[in-house]
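One structure is given here, and the rest of the page talks about it.
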Amino acid sequence: MIEALFAGLLAVLQWKAFTFMLAGIGLGFWVGLLPGLGGATTLALMLPFVYAMEPVEGFAFLLGMHAVVATTGDITSVLFGVPGEATTAATVLDGHAMAKKGEAGRALGAVLMSSLIGALVGAVALAAAIPVVRPLVLSFGSPELFMLAIVGLAFIASLSAQGGRGMLRGFLAGGFGLMIATVGQDPQAGIARYTFDSLYLWGGLDLVPVLIGIFAIPEIIDLAIRGTSIAGDVPRGRLNQGVLEGVKDTFRHFGLTLRCSLIGTFIGIMPGLGGAVAQWLAYGHATQSARNAEDRANFGRGDVRGVLGPGAANNSKEGGSLIPTVAFGVPGSSAMAILLGGFFVMGLVPGPDMLTKHLIVTFSMVWTIVIANIIAVGACFLFLNQLAGLTNVRGHVLIPVILVLVFIGSYTSNNHYGDVLVTLAFGGVGYLMVLSGWPRAPFVLGLVLGKIAENYLYISVARYDAEWLTRPIVLVLFAMAVAVILYPLVQGWRSRAKGETHA
Amino acid sequence: MRLSLAFVALLALALAAPRTGLAQTSPFEGKTITIVVGFKTGGGYDRTARVLARHLPKHIPGKPNVIVQNMPGANSITAANHVYNVAKPDGLTLGTFNRNLVLAQLTHVPGVKYDMRKFAWIGSAASETTILAIRADLPYKTFDELRKSGKTVVIGATGPGANTYDFPLLLKDLLGVDLKIVSGYSSSSDIMLAIERKEVDGRAGSYSSLQQFIGRGLVRPLVRARAIEPGIENLPVDEDLAPNPRARAIMALRSAPEVIGRPYVTTPGTREDIVRILREAFRNVIKDPQLLAEAEKAKMDFEFIGGDETLKIVNEVLLQPKDVVDDFGKYIKFGE
C-alpha cells in the first residue's frame with residue numbers, strides 16, 4: 001500500500017507524464033475561468049489525445065485539467081459574481097460581497113488557499129479510504145441518500161435570517177427551489193410537470209443558466225445602478241494587500257476548512273449526488289460556525305468563512321468523485337463518464353482491480369489532483385494582484401464584458417436560446433429576491449437537492465415500503481437533520497436570553 | 001452475381017472518378033460538416049459521433065472539417081426538429097438522435113415537428129440490443145428458470161421511455177415474469193451501484209453498456225431483444241416467447257428502432273448526389289482500420305446499416321395498424 005503510494009507519485013513525476021499534466025493544467029485554467037465552457041465538454045474534446053498515451057500519462061493530462069477547472073472557476077465567481085462553473089456558485093455569495101467591499105484580494109487569497117487545502121485533504125482522505133471504500137459506498141443505499149438530501153435541506157435553517165419571519169422566508173425560498181427542480185418529465189410515470197407544452201422545459205431546467213441568472217444578473221444591475229467600479233471607492237492600494245490576509249484567514253479558520261474539505265470528499269464519494277451539492281452543504285456548514293445570531297448575519301455580506309467553506313469543499317470533492325468511477329466502473333458525473341471512456345482507451349477496466357492490481361495507477365490519479373492543484377494555485381497567486389485590480393475597473397467598461405460572459409456561459413450549456421431566456425427570467429427572480437431581502441442560498445439548495453430527494457424517496461418506498469425508516473444510518477442522519485434545524489434556533493434563543501439578562 | 005456486378009460498377013466508378021474529379025470540385029471542398037448530437041457530452045451517441053467526426057474527413061472528397069455540436073433537449077426531439085426545419089439542405093448539417101424518435105412520431109408526442117420518413121437517411125453506425133441482466137449470485141441461470149421460479153425479482157430503472165424501464169415492463173406485462181420495477185435512478189450507472197449493494201436484483205439496458213459488468217461476473221444476461229450483437233446470439237429473444245400475436249407485435253415495435261442504434265440523417269431535400277457521397281463516406285469510415293483500432297480500444301462496436309434499410313424499418317414502424325399503435329401506447333411512453 002505505502003509502496004504503491006510512492007510508486008504512484010514517481011509515476012506522475014516522470015517527465016512525460018508531468019509535461020502532459022502541465023498541458024492539462026494550462027487548459028483547465030482557462031476553461032475554469034470562462035463561464036459556460038464546462039469541464040465535461042473539454043474532457044470530451046481532449047479524450048482523443050489520450051489514445052497514444054500510457055495510463056498514468058493520460059490521467060495526468062485529463063485529471064490535471066479537470067482538477068484545475070474547479071479552482072479557477074471560483075475566481076470568476078469572486079471577481080464578477082458570475083459562477084465560472086455550476087459547481088462554484090456558492091463562492092459568489094460571500095466572495096463577491098467581499099470584492100464589493102474592496103477585499104477582492106483577500107477573498108481570492110482565501111478561496112485559492114482553501115481550494116488547495118481542500119484538494120490535499122481530499123487526496124489524503126481518498127488514499128486513506130481506499131481499503132474501506134467499497135463497503136463505505138455500498139452501505140449508502142437509496143434510503144440513506146434520501147436522508148442525506150434531507151440533512152442538506154435542513155441547512156436551510158442556518159442559511160435563513162433569524163426569527164420567525166426569516167425562517168419562513170428561508171423555507172419558502174427552499175420550497176420554491178424544490179418546485180423548480182420538479183420541472184420536466186417525472187421519472188416514475190413519465191408525466192410532464194410545469195413544462196407548459198414547451199420542448200425546452202421537457203428535460204427540466206439546467207442548473208447553469210439558472211445559477212448564472214440568479215447570481216450574476218442582480219450583481220450586474222447593482223453595478224450599473226451604483227455607476228462605480230465593483231469595489232466602489234476603495235482605493236487601489238488596499239485591494240492588493242489582502243491576498244496574504246486571505247491565506248492567513250484559511251489558517252485562522254483551519255478547523256472549518258478541514259471540516260468542509262471532509263464534507264466535500266464525502267459528497268464526492270457518494271455517487272448520484274452531483275458536484276453542486278458539495279459546495280452548498282459546505283456553505284451551510286460554514287454558516288453554522290457563527291458563534292451567535294449577530295455573527296451569523298455577516299454571512300452573505302462578505303464573511304471570509306463563507307468563502308473558505310465552499311472553496312475547500314469544491315476541490316476536495318474531486319478526489320472523492322473518482323471513487324465510484326475507479327472502484328465500481330460507474331461514473332458519478334458526466335465528466336467522470338468521459339473519464340471512464342479514457343479508462344477503456346488506455347486498456348484499463350475500472351472496478352475492484354483498480355484497488356489491488358492497478359493500485360499504482362489509482363494513486364497516480366490521487367497525486368495528479370494534488371500536484372495539479374498546487375501548481376494551479378501557485379500560478380494564480382502570481383496574477384492575483386492584477387486580477388483583484390479588475391474590481392477597480394469602472395462599471396460601464398466592465399458590464400459589457402461581464403454580460404457577454406453571462407450569455408455565452410448560459411447559452412453554451414445546451415446551445416439553446418431557451419437557456420438565455422431562463423438566465424434572464426431567473427435574473428429577474430434573483431434581483432427581486434435581493435431587493436426584498438429573501439435569501440437565495442436556500443433556493444439553490446432546494447434546486448440542487450430536489451430531484452435527488454424525490455427520486456430516492458420514491459425508490460426507498462417502492463423497494464422497502466416503510467422498512468427503510470428503521471435502517472441505522474437513516475436514523476443517524478435523521479437525528480443529524482433535526483440537530484441541524486434546531487441548532488440555529490437554540491442559538492438564537494440563547495443569544496436573546498443573554499441579551500435580556502444584560503438588559 | 002450481384003456482388004460481381006457491384007464490383008464492376010465500383011471499378012467503373014473508380015476509373016471515371018479522376019476525370020470527373022478534375023472537371024468539378026467536391027461540394028464539400030473547404031466546408032465544415034456539423035454533426036448535431038441530440039444529447040449532452042458523455043453519452044454513447046456523443047462518443048460515437050466524436051469518433052466518426054475524427055475519421056470521416058478522409059473519406060469525403062474535398063476533406064471537409066467535421067465537428068460535433070451537442071444540442072440536448074426533450075430527449076433529442078429538439079435536435080431532430082432543428083435538423084429537419086432549420087438547417088439548410090446542403091448536407092453540411094447531419095443529425096444523430098435518440099433511436100426511439102420514430103416511436104415519438106408514432107405515438108404523436110407533442111412537439112414533434114419532423115417526419116422520420118422524409119429525412120435524407122445516411123444510415124446507422126451501430127445497432128444496440130437491449131438485454132435483461134440479473135445478479136450472477138442469484139440462483140436463476142436462464143430466463144426460463146427465472147420465469148418458473150415464482151419469486152419476485154426487483155429491477156432497477158431510470159424511467160418510462162428508457163430501455164431500462166420499457167423492456168422489463170413488457171417482460172412483466174406480456175410474458176408474465178414476476179418483476180418488480182423500481183424506477184427513478186438517475187442513470188444506468190446509478191442502477192449498477194444499486195445492483196452491487198443488492199438494493200435491486202438486475203437491470204435492463206443496452207448490451208454495450210452492460211458488457212463490462214457481465215465480463216466482471218457481476219451480472220448474468222438472461223434475455224435479449226431482436227437486434228443481434230456478437231456475443232449474445234444464443235440468448236432467448238423476447239418476441240419468440242410471446243404467447244400471442246398481439247404481445248409479439250408490441251414487443252417487435254419496441255425493439256424495431258434498436259437495429260438503427262446510432263441513426264444518422266441529414267435535412268430533407270438534400271441533393272441526391274450529396275446524400276450518396278455521405279452514405280459512401282459512412283460505409284467506408286466504418287471499415288477504416290484506424291477507426292476500428294480505436295473502437296477496439298474504446299470497447300465500442302460499429303456496424304454500418306445503409307440508409308435504404310434504416311428507412312425501410314422506419315416505414316415499417318410508422319405503417320403499423322392503429323389498434324397495434326394504441327395497444328403499444330398503453331405500455332410505452334416516449335421519454336427520457
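Note on naming: chains are A, B, ... as they come in the C-alpha cells, residues start from 1 per chain, ligands start from 1 in the order shown.
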For this session: Give the residues of chain A that lie within 7 Å of chain B; count only C-alpha atoms, and format the answer as a ChimeraX atom specification.
Result: /A:40-41,44,138,187-190,199-200,202-203,272,330-331,334-335,337-338,341,344-345,347,414-415,455,459,462-463
Using only C-alpha atoms, please write the residues we just selected to a file, as an mmCIF file, in the first residue's frame.
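Generated file (again_10.cif):
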data_model
loop_
_atom_site.group_PDB
_atom_site.id
_atom_site.type_symbol
_atom_site.label_atom_id
_atom_site.label_comp_id
_atom_site.auth_asym_id
_atom_site.auth_seq_id
_atom_site.Cartn_x
_atom_site.Cartn_y
_atom_site.Cartn_z
ATOM 1 C CA ALA A 40 -17.072 17.883 -19.207
ATOM 2 C CA THR A 41 -17.126 19.289 -22.726
ATOM 3 C CA ALA A 44 -14.700 15.083 -24.342
ATOM 4 C CA LEU A 138 -22.207 0.177 -0.637
ATOM 5 C CA PRO A 187 -39.214 9.516 -13.815
ATOM 6 C CA GLN A 188 -41.994 7.351 -12.409
ATOM 7 C CA ALA A 189 -44.981 7.861 -14.688
ATOM 8 C CA GLY A 190 -43.409 9.956 -17.427
ATOM 9 C CA LEU A 199 -39.983 21.088 -25.539
ATOM 10 C CA TYR A 200 -37.215 23.067 -23.875
ATOM 11 C CA TRP A 202 -39.251 18.834 -21.016
ATOM 12 C CA GLY A 203 -35.881 17.709 -19.792
ATOM 13 C CA GLY A 272 -25.533 10.398 -7.743
ATOM 14 C CA VAL A 330 -19.892 3.650 -12.515
ATOM 15 C CA PRO A 331 -19.295 7.335 -13.160
ATOM 16 C CA SER A 334 -20.775 13.347 -16.995
ATOM 17 C CA ALA A 335 -17.153 14.410 -16.615
ATOM 18 C CA ALA A 337 -18.384 9.251 -17.650
ATOM 19 C CA ILE A 338 -15.978 10.696 -20.172
ATOM 20 C CA GLY A 341 -14.111 6.249 -21.689
ATOM 21 C CA PHE A 344 -11.061 1.781 -21.763
ATOM 22 C CA VAL A 345 -8.990 3.637 -24.308
ATOM 23 C CA GLY A 347 -6.647 -0.526 -21.707
ATOM 24 C CA ASN A 414 -27.423 23.454 -24.088
ATOM 25 C CA ASN A 415 -26.867 25.508 -27.246
ATOM 26 C CA ASN A 455 -36.182 10.058 -6.668
ATOM 27 C CA ILE A 459 -37.133 4.265 -4.746
ATOM 28 C CA ALA A 462 -41.077 1.286 -3.737
ATOM 29 C CA ARG A 463 -38.280 -1.054 -2.737
#
Problem set entry | DSSP-assigned helix (DSSP H, G or I) members of region 11-88 of chain B, reported as a PyMOL selection string | chain B and resi 11-23+44-55+57-59+74-86
For this session: Any chance you could list, as a ChimeraX atom specification, the residues in region 126-270 of chain B that come up strand (DSSP E or B) when DSSP is run on the backbone?
Result: /B:130-135,153-157,179-183,202-206,219-224,237,263-266
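Going from CA of Glu467 (chain A) to CA of Asp186 (chain A) covers 24.6 Å.
Considering only C-alpha atoms, the residue among B:Arg203, B:Arg271, B:Arg254, B:Lys151 positioned nearest to Ala227 (chain B) is B:Arg254.
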Problem set entry | Residue contacts of Gly58 (chain A) (9 Å, only C-alpha atoms) excluding same-chain residues fewer than 4 positions away, as number ranges by chain | A: 17, 20-21, 47, 49-54, 62-63, 342, 346
